[in-house]
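Coordinates as given in run_30.csv (CSV, C-alpha atoms):
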```csv
chain,number,residue,atom,x,y,z
A,201,MET,CA,0.0,0.0,0.0
A,202,LYS,CA,1.4,3.4,-1.0
A,203,PHE,CA,0.1,5.5,1.9
A,204,PHE,CA,2.9,4.4,4.1
A,205,ASN,CA,5.4,5.9,1.7
A,206,LYS,CA,4.0,9.4,2.3
A,207,ILE,CA,5.0,9.0,6.0
A,208,PHE,CA,8.7,8.5,5.2
A,209,LYS,CA,9.5,10.2,1.9
A,210,GLN,CA,10.0,13.7,3.5
A,211,ASN,CA,12.8,12.2,5.8
A,212,ASN,CA,16.3,12.0,4.5
A,213,LYS,CA,18.3,9.5,6.6
A,214,SER,CA,21.1,11.3,8.4
A,215,LYS,CA,23.0,10.7,11.6
A,216,ASP,CA,24.2,14.3,11.9
A,217,ASN,CA,21.4,15.4,14.2
A,218,VAL,CA,20.8,13.3,17.2
A,219,ILE,CA,17.6,13.8,19.3
A,220,THR,CA,17.9,12.9,22.9
A,221,LEU,CA,14.7,11.4,24.3
A,222,ASN,CA,13.6,9.8,27.6
A,223,VAL,CA,12.0,6.4,27.1
A,224,GLU,CA,8.8,7.7,28.7
A,225,GLU,CA,8.6,10.4,26.0
A,226,LEU,CA,9.1,8.0,23.1
A,227,ASP,CA,5.4,7.0,22.5
A,228,ASN,CA,4.2,10.6,22.1
A,229,TRP,CA,7.3,11.5,19.9
A,230,LEU,CA,6.6,8.5,17.6
A,231,ASN,CA,2.8,9.2,17.4
A,232,LEU,CA,3.5,12.7,16.1
A,233,ARG,CA,5.5,11.2,13.3
A,234,ILE,CA,3.8,7.8,12.7
A,235,ASN,CA,0.0,7.7,13.2
A,236,VAL,CA,-0.8,4.3,11.9
A,237,TYR,CA,-4.5,4.6,12.8
A,238,ASN,CA,-5.0,7.7,10.6
A,239,ASN,CA,-3.4,5.9,7.7
A,240,LEU,CA,-5.8,3.0,8.1
A,241,LYS,CA,-8.7,5.2,9.0
A,242,LYS,CA,-10.5,4.9,5.7
A,243,TYR,CA,-10.9,1.2,6.2
A,244,PHE,CA,-12.1,1.7,9.8
A,245,ASP,CA,-14.5,4.4,8.5
A,246,SER,CA,-15.9,2.0,5.8
A,247,ILE,CA,-16.5,-0.7,8.4
A,248,ASP,CA,-18.2,1.8,10.7
A,249,GLU,CA,-20.5,2.8,7.8
A,250,ASN,CA,-21.3,-0.9,7.2
A,251,ILE,CA,-22.3,-1.2,10.8
A,252,GLN,CA,-24.5,1.9,10.7
A,253,ASN,CA,-26.2,0.5,7.5
A,254,LEU,CA,-26.7,-2.8,9.2
A,255,LYS,CA,-28.5,-1.0,12.1
A,256,LYS,CA,-30.7,0.9,9.7
A,257,ASN,CA,-31.7,-2.1,7.5
A,258,LEU,CA,-32.2,-4.2,10.5
A,259,ALA,CA,-34.7,-1.6,11.8
A,260,PHE,CA,-36.6,-1.8,8.5
A,261,LEU,CA,-36.8,-5.6,8.9
A,262,GLU,CA,-37.9,-5.4,12.5
A,263,ASN,CA,-40.8,-3.0,11.6
A,264,ILE,CA,-42.0,-4.7,8.4
A,265,ASN,CA,-45.7,-5.0,7.8
A,266,PHE,CA,-47.4,-8.3,6.9
A,267,GLU,CA,-50.1,-8.6,4.3
A,268,SER,CA,-53.5,-8.6,5.9
A,269,ASP,CA,-54.4,-12.0,4.6
A,270,THR,CA,-51.2,-13.6,5.9
A,271,ASP,CA,-51.8,-17.0,7.6
A,272,PRO,CA,-51.4,-16.5,11.4
A,273,LEU,CA,-49.2,-19.6,11.7
A,274,ILE,CA,-46.9,-18.4,9.0
A,275,LYS,CA,-46.9,-14.8,10.5
A,276,ASN,CA,-45.9,-16.2,13.9
A,277,ARG,CA,-43.2,-18.3,12.5
A,278,VAL,CA,-41.7,-15.4,10.5
A,279,GLU,CA,-41.9,-13.0,13.4
A,280,SER,CA,-40.2,-15.5,15.6
A,281,ASN,CA,-37.3,-15.8,13.0
A,282,ILE,CA,-37.2,-11.9,12.7
A,283,ASN,CA,-36.8,-11.7,16.5
A,284,ALA,CA,-34.1,-14.4,16.6
A,285,TYR,CA,-32.2,-12.9,13.7
A,286,SER,CA,-32.5,-9.4,15.1
A,287,LYS,CA,-31.2,-10.5,18.5
A,288,GLN,CA,-28.2,-12.2,16.9
A,289,LEU,CA,-27.3,-9.3,14.6
A,290,ASN,CA,-27.7,-6.7,17.4
A,291,LEU,CA,-25.5,-8.8,19.7
A,292,PHE,CA,-22.9,-8.9,16.9
A,293,ILE,CA,-23.1,-5.1,16.4
A,294,SER,CA,-22.9,-4.4,20.1
A,295,LYS,CA,-19.8,-6.6,20.5
A,296,ILE,CA,-18.0,-4.9,17.6
A,297,GLU,CA,-18.7,-1.4,18.8
A,298,GLN,CA,-17.8,-2.2,22.4
A,299,TYR,CA,-14.5,-3.9,21.4
A,300,LYS,CA,-13.5,-1.0,19.1
A,301,SER,CA,-14.1,1.6,21.9
A,302,SER,CA,-11.6,-0.2,24.2
A,303,ASN,CA,-9.2,-1.9,21.7
A,304,GLY,CA,-9.8,-0.2,18.4
A,305,ASN,CA,-6.3,1.2,18.1
A,306,ASP,CA,-4.9,-2.3,18.0
A,307,ALA,CA,-5.8,-3.0,14.4
A,308,VAL,CA,-4.6,-6.6,14.3
A,309,LYS,CA,-6.6,-7.6,17.4
A,310,TYR,CA,-9.6,-5.7,16.0
A,311,CYS,CA,-9.5,-7.7,12.7
A,312,ASN,CA,-9.1,-11.0,14.5
A,313,PHE,CA,-12.0,-10.2,16.8
A,314,MET,CA,-14.1,-9.2,13.8
A,315,ASP,CA,-13.3,-12.4,12.0
A,316,VAL,CA,-14.3,-14.5,15.0
A,317,GLU,CA,-17.6,-12.7,15.5
A,318,LEU,CA,-18.5,-12.7,11.8
A,319,ASN,CA,-18.0,-16.5,11.6
A,320,LYS,CA,-20.1,-16.9,14.7
A,321,LEU,CA,-22.9,-14.7,13.3
A,322,ASN,CA,-22.9,-16.7,10.0
A,323,LYS,CA,-22.9,-20.0,11.8
A,324,ASP,CA,-25.7,-19.0,14.3
A,325,SER,CA,-28.0,-17.1,12.0
A,326,TRP,CA,-28.1,-18.8,8.6
A,327,LYS,CA,-31.3,-20.7,9.2
A,328,ASN,CA,-33.2,-17.6,10.4
A,329,PHE,CA,-31.8,-15.6,7.4
A,330,TYR,CA,-32.8,-18.3,4.9
A,331,ILE,CA,-36.4,-18.2,6.1
A,332,LEU,CA,-36.6,-14.4,6.2
A,333,GLN,CA,-35.1,-14.2,2.7
A,334,SER,CA,-38.0,-16.4,1.5
A,335,PHE,CA,-40.5,-13.8,2.6
A,336,PHE,CA,-38.7,-10.5,2.6
A,337,ARG,CA,-36.0,-10.8,-0.1
A,338,LYS,CA,-35.4,-7.1,-0.5
A,339,GLU,CA,-34.9,-6.3,3.2
A,340,ALA,CA,-32.9,-9.4,3.9
A,341,GLY,CA,-30.9,-8.7,0.8
A,342,LEU,CA,-29.9,-5.3,2.0
A,343,ILE,CA,-28.6,-6.8,5.3
A,344,ALA,CA,-26.7,-9.5,3.3
A,345,ARG,CA,-25.1,-6.7,1.2
A,346,ASP,CA,-24.0,-4.8,4.2
A,347,LEU,CA,-22.4,-7.9,5.8
A,348,LYS,CA,-20.7,-8.7,2.5
A,349,GLU,CA,-19.3,-5.2,2.2
A,350,LEU,CA,-18.1,-5.4,5.8
A,351,GLU,CA,-16.3,-8.6,5.1
A,352,GLU,CA,-14.6,-7.1,2.0
A,353,ASN,CA,-13.5,-4.0,4.0
A,354,LEU,CA,-12.1,-6.3,6.6
A,355,VAL,CA,-10.1,-8.0,3.9
A,356,TYR,CA,-8.7,-4.7,2.7
A,357,LEU,CA,-7.8,-3.7,6.3
A,358,LYS,CA,-6.0,-7.0,6.8
A,359,ARG,CA,-4.0,-6.4,3.6
A,360,GLY,CA,-3.0,-3.0,4.9
A,361,LEU,CA,-1.9,-4.6,8.2
A,362,ASN,CA,0.2,-7.2,6.3
A,363,ASN,CA,2.1,-4.4,4.6
A,364,GLU,CA,5.9,-4.7,5.3
A,365,GLU,CA,6.2,-1.1,6.4
A,366,TYR,CA,3.2,-1.4,8.8
A,367,LEU,CA,4.7,-4.5,10.3
A,368,SER,CA,7.9,-2.5,10.8
A,369,ILE,CA,6.0,0.2,12.6
A,370,ILE,CA,4.2,-2.4,14.8
A,371,ASN,CA,7.6,-3.9,15.6
A,372,ILE,CA,8.9,-0.5,16.7
A,373,PHE,CA,5.9,0.1,19.0
A,374,GLY,CA,6.4,-3.5,20.3
A,375,CYS,CA,10.0,-2.7,21.0
A,376,VAL,CA,9.0,0.5,22.8
A,377,ALA,CA,6.6,-1.4,25.0
A,378,ALA,CA,9.2,-4.1,25.6
A,379,LEU,CA,11.8,-1.5,26.5
A,380,LYS,CA,9.6,0.3,28.9
A,381,PHE,CA,8.5,-2.9,30.5
A,382,ASN,CA,12.0,-4.2,30.9
A,383,VAL,CA,13.3,-0.9,32.2
A,384,LYS,CA,10.6,-0.9,34.9
A,385,LEU,CA,11.2,-4.6,35.6
A,386,LYS,CA,14.9,-4.1,36.0
A,387,GLU,CA,14.3,-1.1,38.2
A,388,LYS,CA,11.9,-3.0,40.3
A,389,LEU,CA,14.2,-6.0,40.6
A,390,SER,CA,17.2,-3.7,41.4
A,391,ASN,CA,15.2,-2.0,44.2
A,392,GLU,CA,14.2,-5.4,45.6
A,393,ARG,CA,17.8,-6.6,45.4
A,394,SER,CA,19.0,-3.4,47.2
A,395,SER,CA,16.5,-4.0,50.0
A,396,LEU,CA,17.7,-7.6,50.3
A,397,GLU,CA,21.3,-6.5,50.3
A,398,ILE,CA,20.6,-4.1,53.2
A,399,LYS,CA,19.1,-7.1,55.0
A,400,TYR,CA,22.2,-9.2,54.2
A,401,ASN,CA,24.4,-6.5,55.6
A,402,ASP,CA,22.2,-6.2,58.7
A,403,VAL,CA,22.4,-9.9,59.4
A,404,ASN,CA,26.2,-9.9,58.7
A,405,ASN,CA,26.6,-7.1,61.2
A,406,GLU,CA,24.6,-9.1,63.7
A,407,ILE,CA,27.0,-11.9,63.4
A,408,LEU,CA,30.0,-9.6,63.8
A,409,THR,CA,28.4,-8.1,66.9
A,410,ILE,CA,27.8,-11.5,68.4
A,411,LYS,CA,31.4,-12.5,67.7
A,412,LYS,CA,32.6,-9.4,69.5
A,413,GLU,CA,30.4,-10.3,72.4
A,414,ILE,CA,31.8,-13.8,72.4
A,415,GLU,CA,35.3,-12.4,72.5
A,416,ILE,CA,34.4,-10.2,75.5
A,417,LEU,CA,32.8,-13.2,77.1
A,418,ASN,CA,36.0,-15.3,76.6
A,419,HIS,CA,37.9,-12.8,78.7
A,420,SER,CA,35.3,-12.5,81.5
A,421,GLU,CA,35.3,-13.9,85.1
A,422,ASP,CA,32.5,-16.2,84.0
A,423,TYR,CA,34.8,-17.7,81.5
A,424,LYS,CA,37.7,-18.1,83.9
A,425,HIS,CA,35.4,-19.9,86.4
A,426,TYR,CA,34.1,-22.1,83.5
A,427,ASP,CA,37.7,-22.9,82.4
A,428,ASP,CA,38.7,-23.8,85.9
A,429,LEU,CA,35.7,-26.1,86.2
A,430,GLU,CA,36.5,-27.7,82.8
A,431,SER,CA,40.1,-28.3,84.0
A,432,ILE,CA,38.9,-29.9,87.2
A,433,LYS,CA,36.4,-32.1,85.2
A,434,ARG,CA,39.2,-33.3,82.8
A,435,ASP,CA,41.4,-34.2,85.8
A,436,LEU,CA,38.6,-36.1,87.5
A,437,GLU,CA,37.7,-37.9,84.4
A,438,SER,CA,41.4,-38.8,83.9
A,439,ASP,CA,41.7,-40.1,87.5
A,440,ILE,CA,38.5,-42.1,87.3
A,441,ASN,CA,39.8,-43.6,84.0
A,442,LYS,CA,43.1,-44.6,85.8
A,443,ILE,CA,41.2,-46.2,88.6
A,444,ASN,CA,39.1,-48.2,86.2
A,445,ASN,CA,42.3,-49.3,84.3
A,446,ASN,CA,43.9,-50.3,87.6
A,447,VAL,CA,40.9,-52.5,88.5
A,448,ILE,CA,40.9,-54.1,85.1
A,449,ALA,CA,44.6,-54.8,85.3
A,450,MET,CA,44.4,-56.1,88.8
A,451,PHE,CA,41.7,-58.7,87.9
A,452,SER,CA,43.2,-59.5,84.5
A,453,VAL,CA,46.3,-61.2,86.0
A,454,ILE,CA,44.0,-63.6,88.0
A,455,GLU,CA,41.3,-64.0,85.3
A,456,ARG,CA,42.6,-67.5,84.3
A,457,GLY,CA,42.2,-68.7,87.9
A,458,LEU,CA,38.8,-67.1,88.2
A,459,ARG,CA,37.6,-68.9,85.1
A,460,LYS,CA,38.9,-72.3,86.4
A,461,LEU,CA,37.1,-71.7,89.7
A,462,HIS,CA,33.9,-70.7,87.9
A,463,HIS,CA,34.1,-74.1,86.1
A,464,ASP,CA,33.3,-75.8,89.4
A,465,ASN,CA,31.6,-72.8,91.2
A,466,LYS,CA,28.8,-71.4,89.0
A,467,SER,CA,28.6,-68.2,91.1
A,468,LYS,CA,26.8,-65.3,89.4
A,469,LEU,CA,29.1,-62.9,91.2
A,470,LEU,CA,32.2,-64.6,89.8
A,471,GLU,CA,30.7,-64.6,86.3
A,472,ASN,CA,30.1,-60.9,86.6
A,473,TYR,CA,33.7,-60.2,87.7
A,474,ILE,CA,35.1,-62.3,84.8
A,475,ASN,CA,33.0,-60.4,82.3
A,476,ASN,CA,33.6,-57.0,83.8
A,477,PRO,CA,36.0,-56.4,86.6
A,478,LEU,CA,34.4,-53.0,87.2
A,479,THR,CA,31.7,-55.0,89.0
A,480,LEU,CA,33.9,-54.2,92.0
A,481,PHE,CA,32.2,-50.8,92.3
A,482,ASP,CA,28.8,-52.5,92.7
A,483,ASP,CA,30.0,-55.1,95.1
A,484,ASP,CA,28.9,-53.3,98.3
A,485,ASN,CA,30.0,-56.0,100.7
A,486,LEU,CA,33.1,-57.0,98.9
A,487,GLU,CA,31.9,-60.6,98.4
A,488,ILE,CA,34.7,-61.0,95.9
A,489,LEU,CA,37.1,-61.4,98.9
A,490,SER,CA,35.5,-64.8,99.9
A,491,VAL,CA,35.8,-65.9,96.2
A,492,LEU,CA,39.4,-64.9,96.1
A,493,ASN,CA,40.1,-66.8,99.4
A,494,GLU,CA,38.4,-69.9,97.8
A,495,LEU,CA,40.7,-69.5,94.8
A,496,LYS,CA,43.7,-69.4,97.1
A,497,ASP,CA,42.7,-72.5,98.9
A,498,ALA,CA,42.1,-74.3,95.6
A,499,ILE,CA,45.6,-73.4,94.4
A,500,LYS,CA,47.2,-74.4,97.7
A,501,SER,CA,45.4,-77.8,97.7
A,502,ARG,CA,46.3,-78.3,94.0
A,503,LYS,CA,42.6,-78.5,93.1
A,504,ILE,CA,43.5,-75.7,90.7
A,505,ASP,CA,47.1,-76.2,89.5
A,506,PHE,CA,49.2,-73.7,87.4
A,507,GLY,CA,52.3,-75.7,88.0
A,508,GLU,CA,55.4,-73.5,88.6
A,509,LYS,CA,53.1,-70.4,88.3
A,510,ASN,CA,51.2,-71.3,91.4
A,511,GLU,CA,53.3,-69.1,93.6
A,512,LYS,CA,53.0,-66.1,91.2
A,513,PHE,CA,49.2,-66.5,91.3
A,514,LEU,CA,49.2,-66.6,95.1
A,515,GLU,CA,51.3,-63.4,95.2
A,516,ASN,CA,48.9,-61.6,92.9
A,517,LEU,CA,46.0,-62.7,95.0
A,518,ASP,CA,47.7,-61.5,98.1
A,519,LEU,CA,47.9,-58.0,96.5
A,520,ILE,CA,44.1,-57.8,96.5
A,521,ASP,CA,43.1,-57.2,100.1
A,522,LYS,CA,40.1,-55.7,101.8
A,523,LYS,CA,41.9,-52.5,102.8
A,524,GLY,CA,43.1,-51.8,99.3
A,525,LEU,CA,39.8,-52.5,97.7
A,526,ILE,CA,38.0,-50.2,100.2
A,527,ALA,CA,40.5,-47.4,99.6
A,528,MET,CA,40.1,-47.8,95.8
A,529,LYS,CA,36.3,-47.8,96.0
A,530,ASP,CA,36.3,-44.8,98.3
A,531,ASP,CA,38.6,-42.9,96.0
A,532,TYR,CA,36.5,-43.9,93.0
A,533,TYR,CA,33.2,-42.7,94.5
A,534,ALA,CA,34.7,-39.5,95.9
A,535,LYS,CA,35.8,-38.6,92.4
A,536,ILE,CA,32.5,-39.7,90.8
A,537,ASN,CA,30.6,-37.5,93.3
A,538,LYS,CA,32.9,-34.6,92.8
A,539,LEU,CA,32.6,-35.0,89.0
A,540,LYS,CA,28.8,-34.9,89.3
A,541,GLU,CA,29.0,-31.6,91.2
A,542,ILE,CA,31.4,-30.1,88.7
A,543,ARG,CA,29.1,-31.2,85.8
A,544,LYS,CA,26.1,-29.6,87.5
A,545,GLU,CA,28.1,-26.4,88.1
A,546,LEU,CA,29.1,-26.4,84.4
A,547,ILE,CA,25.4,-26.8,83.3
A,548,ASN,CA,24.4,-23.8,85.5
A,549,ASN,CA,27.5,-21.8,84.6
A,550,GLN,CA,26.6,-18.4,83.2
A,551,PHE,CA,29.5,-18.5,80.7
A,552,LEU,CA,28.3,-21.7,79.1
A,553,ASN,CA,24.7,-20.5,78.9
A,554,LYS,CA,25.7,-17.3,77.3
A,555,PHE,CA,28.1,-19.0,75.0
A,556,MET,CA,25.5,-21.5,73.8
A,557,ASP,CA,23.0,-18.7,73.3
A,558,TYR,CA,25.5,-16.9,71.1
A,559,GLU,CA,26.3,-20.0,69.2
A,560,HIS,CA,22.6,-20.7,68.4
A,561,LYS,CA,22.2,-17.1,67.3
A,562,ILE,CA,25.3,-17.3,65.0
A,563,ILE,CA,24.0,-20.6,63.5
A,564,TYR,CA,20.6,-19.1,62.9
A,565,SER,CA,22.1,-15.9,61.5
A,566,ASN,CA,24.4,-17.9,59.2
A,567,TYR,CA,21.3,-19.8,58.0
A,568,LYS,CA,19.5,-16.6,57.2
A,569,LEU,CA,22.7,-15.2,55.6
A,570,GLU,CA,23.0,-18.2,53.3
A,571,ASN,CA,19.4,-18.0,52.2
A,572,ILE,CA,19.7,-14.2,51.5
A,573,LYS,CA,22.9,-14.9,49.5
A,574,LYS,CA,21.1,-17.4,47.3
A,575,ALA,CA,18.2,-15.0,46.8
A,576,LEU,CA,20.7,-12.2,45.8
A,577,GLU,CA,22.3,-14.6,43.3
A,578,LYS,CA,18.9,-15.3,41.8
A,579,PHE,CA,18.2,-11.5,41.5
A,580,ASP,CA,21.6,-11.1,39.8
A,581,THR,CA,20.7,-13.7,37.3
A,582,LYS,CA,17.3,-12.2,36.6
A,583,ILE,CA,18.7,-8.7,36.3
A,584,ASN,CA,21.6,-9.8,34.0
A,585,ASN,CA,19.1,-11.6,31.7
A,586,ILE,CA,17.2,-8.3,31.1
A,587,ARG,CA,18.9,-7.0,28.0
A,588,VAL,CA,17.7,-3.4,28.2
A,589,LEU,CA,20.7,-2.1,26.2
A,590,ASP,CA,20.2,-4.6,23.5
A,591,ILE,CA,16.5,-3.6,23.1
A,592,LYS,CA,17.5,0.1,23.3
A,593,ASN,CA,20.1,-0.2,20.5
A,594,GLU,CA,17.7,-2.3,18.3
A,595,LEU,CA,15.0,0.3,18.8
A,596,GLU,CA,17.3,3.3,18.0
A,597,ASN,CA,18.5,1.5,14.8
A,598,ASN,CA,14.9,0.5,13.7
A,599,ILE,CA,13.6,4.1,14.1
A,600,PHE,CA,16.5,5.5,12.1
A,601,GLU,CA,15.9,2.9,9.3
A,602,LEU,CA,12.2,3.6,9.2
A,603,ILE,CA,11.9,7.4,9.6
A,604,GLY,CA,15.5,8.6,9.1
A,605,GLU,CA,15.8,10.3,12.5
A,606,LYS,CA,18.7,9.5,14.8
A,607,ILE,CA,17.7,9.3,18.5
A,608,ALA,CA,19.5,8.6,21.7
A,609,LEU,CA,17.3,7.1,24.4
A,610,GLU,CA,17.9,7.9,28.0
A,611,ILE,CA,17.0,5.1,30.4
```
Starting from the coordinates I provided, produce the structure as structure tokens.
Amino acid sequence: MKFFNKIFKQNNKSKDNVITLNVEELDNWLNLRINVYNNLKKYFDSIDENIQNLKKNLAFLENINFESDTDPLIKNRVESNINAYSKQLNLFISKIEQYKSSNGNDAVKYCNFMDVELNKLNKDSWKNFYILQSFFRKEAGLIARDLKELEENLVYLKRGLNNEEYLSIINIFGCVAALKFNVKLKEKLSNERSSLEIKYNDVNNEILTIKKEIEILNHSEDYKHYDDLESIKRDLESDINKINNNVIAMFSVIERGLRKLHHDNKSKLLENYINNPLTLFDDDNLEILSVLNELKDAIKSRKIDFGEKNEKFLENLDLIDKKGLIAMKDDYYAKINKLKEIRKELINNQFLNKFMDYEHKIIYSNYKLENIKKALEKFDTKINNIRVLDIKNELENNIFELIGEKIALEI
């Protein structure tokens, strides 16, 4: 179509003069130079005229007079078809006018909408129209003519829309919309990221503050007391471990004799000592002493015989006496009771409670920090994927190619 050429022929392509525009001004600036709707206006006007003719000729059909001698049954049938057809056609006209008032400047959508509605009208009303045409050929024919002309004008409008220059213009306006959308989106995401970064710094500062408080705590009197208690606890645990090892060592050298004695004496106490020498600390009455005396008698009477090692066994048995076992048990329970007291003090110690509280806060803050960091990375990916500069450069080049004016967009 040649009318597009009129838009551009007065422009000589030159990059000497550069017009600086804000992206928000671009729509108005383009509309002053490229008013697509005005160039297609004659087709829209023809379609509007078709619609008005449809209204007028439909009114003629609705108010038609029947012959006085018309059969009442036929009259009722025809009137019923007139009402049905009128309803369908009025609905079609109403939809077209309403759509144009809200979306008329988008010619492509307007054509597509008109296509759908025309097809629907033809599909829904052909039976009614066929009957009406049989009785009122002239009136029905005028409506059919209006609909045919409307379809023809719609075809002309579509051809205009398929023009290469029009498509270029549509592409430019599409690029403008895309640029404005992406600029706002990038600004929105950047603002959200900035807010999130502030939150990240706040949480990071919280962690630094807690670490400083821990450092202060590590030099406090509470910590000194805690450290002393920990040192005492470690010493007690070491002493208790040594006592346990001594008991195990003491009974291990006579274990062979105990096992031989157990072969004849199925004592539960003896079995417990064989399996775990630390049974000593549960042996309140030191019943093990009578068992050891029984073992001594068995070795002396040769009921249990280790040959030349008998004397050594008896020496080891003599080392285990009541006084020594009582002293060992007293020492053990004294240290156990003291360890319980120390552990209780540690549990109630202010340093430990404060330190654990700080540790929990740091763990939770680090968890928050990691989640915020992941969210920031997602924002960075989204922001980097918004190619505002690419769209801007493409738009500037397309405008120059189409209308010959060099612009520099400010974003």
Residue nearest A:Asn465 - candidates A:Cys375, A:Ile443, A:Leu525, A:Val491, atoms counted: only C-alpha atoms: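 When distances to A:Asn465 are compared using only C-alpha atoms, the smallest one comes from A:Val491.
Our summary of the geometry notes that atom CA of A:Ile591 is positioned 21.2 Å from atom CA of A:Asn391.
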Within 12 Å of A:Val316, counting all atoms listed in the file, which residues show up once you throw out same-chain ones fewer than 3 positions away? Write them as a list in words, please.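 The neighbour list is Phe292, Lys295, Ile296, Lys309, Tyr310, Cys311, Asn312, Phe313, Asn319, Lys320, Leu321, Asn322, Lys323, Glu351 and Leu354 of chain A.
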Find the distance between atom CA of A:Lys503 and atom CA of A:Arg456 and write it in Å to one decimal.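 According to the coordinates, atom CA of A:Lys503 and atom CA of A:Arg456 are separated by 14.1 Å.
When all atoms listed in the file are used to measure the gap to A:Glu570, the shortest distance among A:Arg337, A:Lys399, A:Gly374, A:Asn328 belongs to A:Lys399.
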Among listed residues A:Phe600, A:Tyr400, A:Phe329, A:Tyr473, nearest A:Asn571 (using all atoms listed in the file): A:Tyr400
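The coordinates place atom CA of A:Ile526 at 13.7 Å from atom CA of A:Thr479.
Considering the residues A:Glu413, A:Asp427, A:Asn257, A:Leu436 and counting only C-alpha atoms, A:Glu541 has its shortest atom-to-atom contact with A:Leu436.
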Select, from A:Leu546, A:Ile274, A:Ile410, A:Ile247, the residue with the minimum atom-to-atom distance to A:Lys424, counting only C-alpha atoms.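 Selected residue with least distance to A:Lys424: A:Leu546.
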Closest to A:Gln333 among A:Ile432, A:Leu576, A:Leu589, A:Ile282, using only C-alpha atoms?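 The answer is A:Ile282, which sits nearest to A:Gln333.
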At a cut-off of 12 Å, using all atoms listed in the file, what residues contact A:Asp464? Leave out same-chain residues fewer than 5 positions from it and give the result as a list in words. Gly457, Leu458, Arg459, Leu470, Glu471, Glu494, Leu495, Ala498, Lys503 and Ile504 of chain A
Selection file, C-alpha atoms, as a compact mmCIF listing (two decimals), keeping the file's coordinate frame:
```txt
# COMPACT_ATOMS: atom_id res chain seq x y z
CA GLY A 457 42.20 -68.70 87.90
CA LEU A 458 38.80 -67.10 88.20
CA ARG A 459 37.60 -68.90 85.10
CA LEU A 470 32.20 -64.60 89.80
CA GLU A 471 30.70 -64.60 86.30
CA GLU A 494 38.40 -69.90 97.80
CA LEU A 495 40.70 -69.50 94.80
CA ALA A 498 42.10 -74.30 95.60
CA LYS A 503 42.60 -78.50 93.10
CA ILE A 504 43.50 -75.70 90.70
```
Give me, as a ChimeraX atom specification, all polymer residues having an atom no more than 12 Å from A:Ile474, counting all atoms listed in the file and skipping those fewer than 5 positions away in the same chain. /A:447-448,450-463,466-469,479-480,488,491
Just the residues within 10 Å of A:Leu226, please, counting all atoms listed in the file, with nothing from its chain fewer than 4 positions along; format it as a list in words.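 Final neighbour list, sorted by chain and number: Leu221, Asn222, Leu230, Asn231, Phe373, Val376, Ala377, Lys380, Ile607 and Leu609 of chain A.
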Spatial neighbours of A:Ile251, max dist 9 Å, all atoms listed in the file, sep filter under 3 positions, as a list in words: Ser246, Ile247, Asp248, Leu254, Lys255, Lys256, Ile293, Ile296, Glu297, Asp346, Leu347 and Leu350 of chain A
For a cutoff of 12 Å around the file-coordinate point (50.7, -66.9, 91.3), which residues qualify once you count all atoms listed in the file? I'd like the result as a PyMOL selection string. chain A and resi 453-457+495-496+499-500+504-519
For the selection you just gave me, I'd like the residues written to a file as an mmCIF file, in the coordinates of the input, keeping C-alpha atoms.
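Result went into part.cif, see below:
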```
data_model
loop_
_atom_site.group_PDB
_atom_site.id
_atom_site.type_symbol
_atom_site.label_atom_id
_atom_site.label_comp_id
_atom_site.auth_asym_id
_atom_site.auth_seq_id
_atom_site.Cartn_x
_atom_site.Cartn_y
_atom_site.Cartn_z
ATOM 1 C CA VAL A 453 46.300 -61.200 86.000
ATOM 2 C CA ILE A 454 44.000 -63.600 88.000
ATOM 3 C CA GLU A 455 41.300 -64.000 85.300
ATOM 4 C CA ARG A 456 42.600 -67.500 84.300
ATOM 5 C CA GLY A 457 42.200 -68.700 87.900
ATOM 6 C CA LEU A 495 40.700 -69.500 94.800
ATOM 7 C CA LYS A 496 43.700 -69.400 97.100
ATOM 8 C CA ILE A 499 45.600 -73.400 94.400
ATOM 9 C CA LYS A 500 47.200 -74.400 97.700
ATOM 10 C CA ILE A 504 43.500 -75.700 90.700
ATOM 11 C CA ASP A 505 47.100 -76.200 89.500
ATOM 12 C CA PHE A 506 49.200 -73.700 87.400
ATOM 13 C CA GLY A 507 52.300 -75.700 88.000
ATOM 14 C CA GLU A 508 55.400 -73.500 88.600
ATOM 15 C CA LYS A 509 53.100 -70.400 88.300
ATOM 16 C CA ASN A 510 51.200 -71.300 91.400
ATOM 17 C CA GLU A 511 53.300 -69.100 93.600
ATOM 18 C CA LYS A 512 53.000 -66.100 91.200
ATOM 19 C CA PHE A 513 49.200 -66.500 91.300
ATOM 20 C CA LEU A 514 49.200 -66.600 95.100
ATOM 21 C CA GLU A 515 51.300 -63.400 95.200
ATOM 22 C CA ASN A 516 48.900 -61.600 92.900
ATOM 23 C CA LEU A 517 46.000 -62.700 95.000
ATOM 24 C CA ASP A 518 47.700 -61.500 98.100
ATOM 25 C CA LEU A 519 47.900 -58.000 96.500
#
```
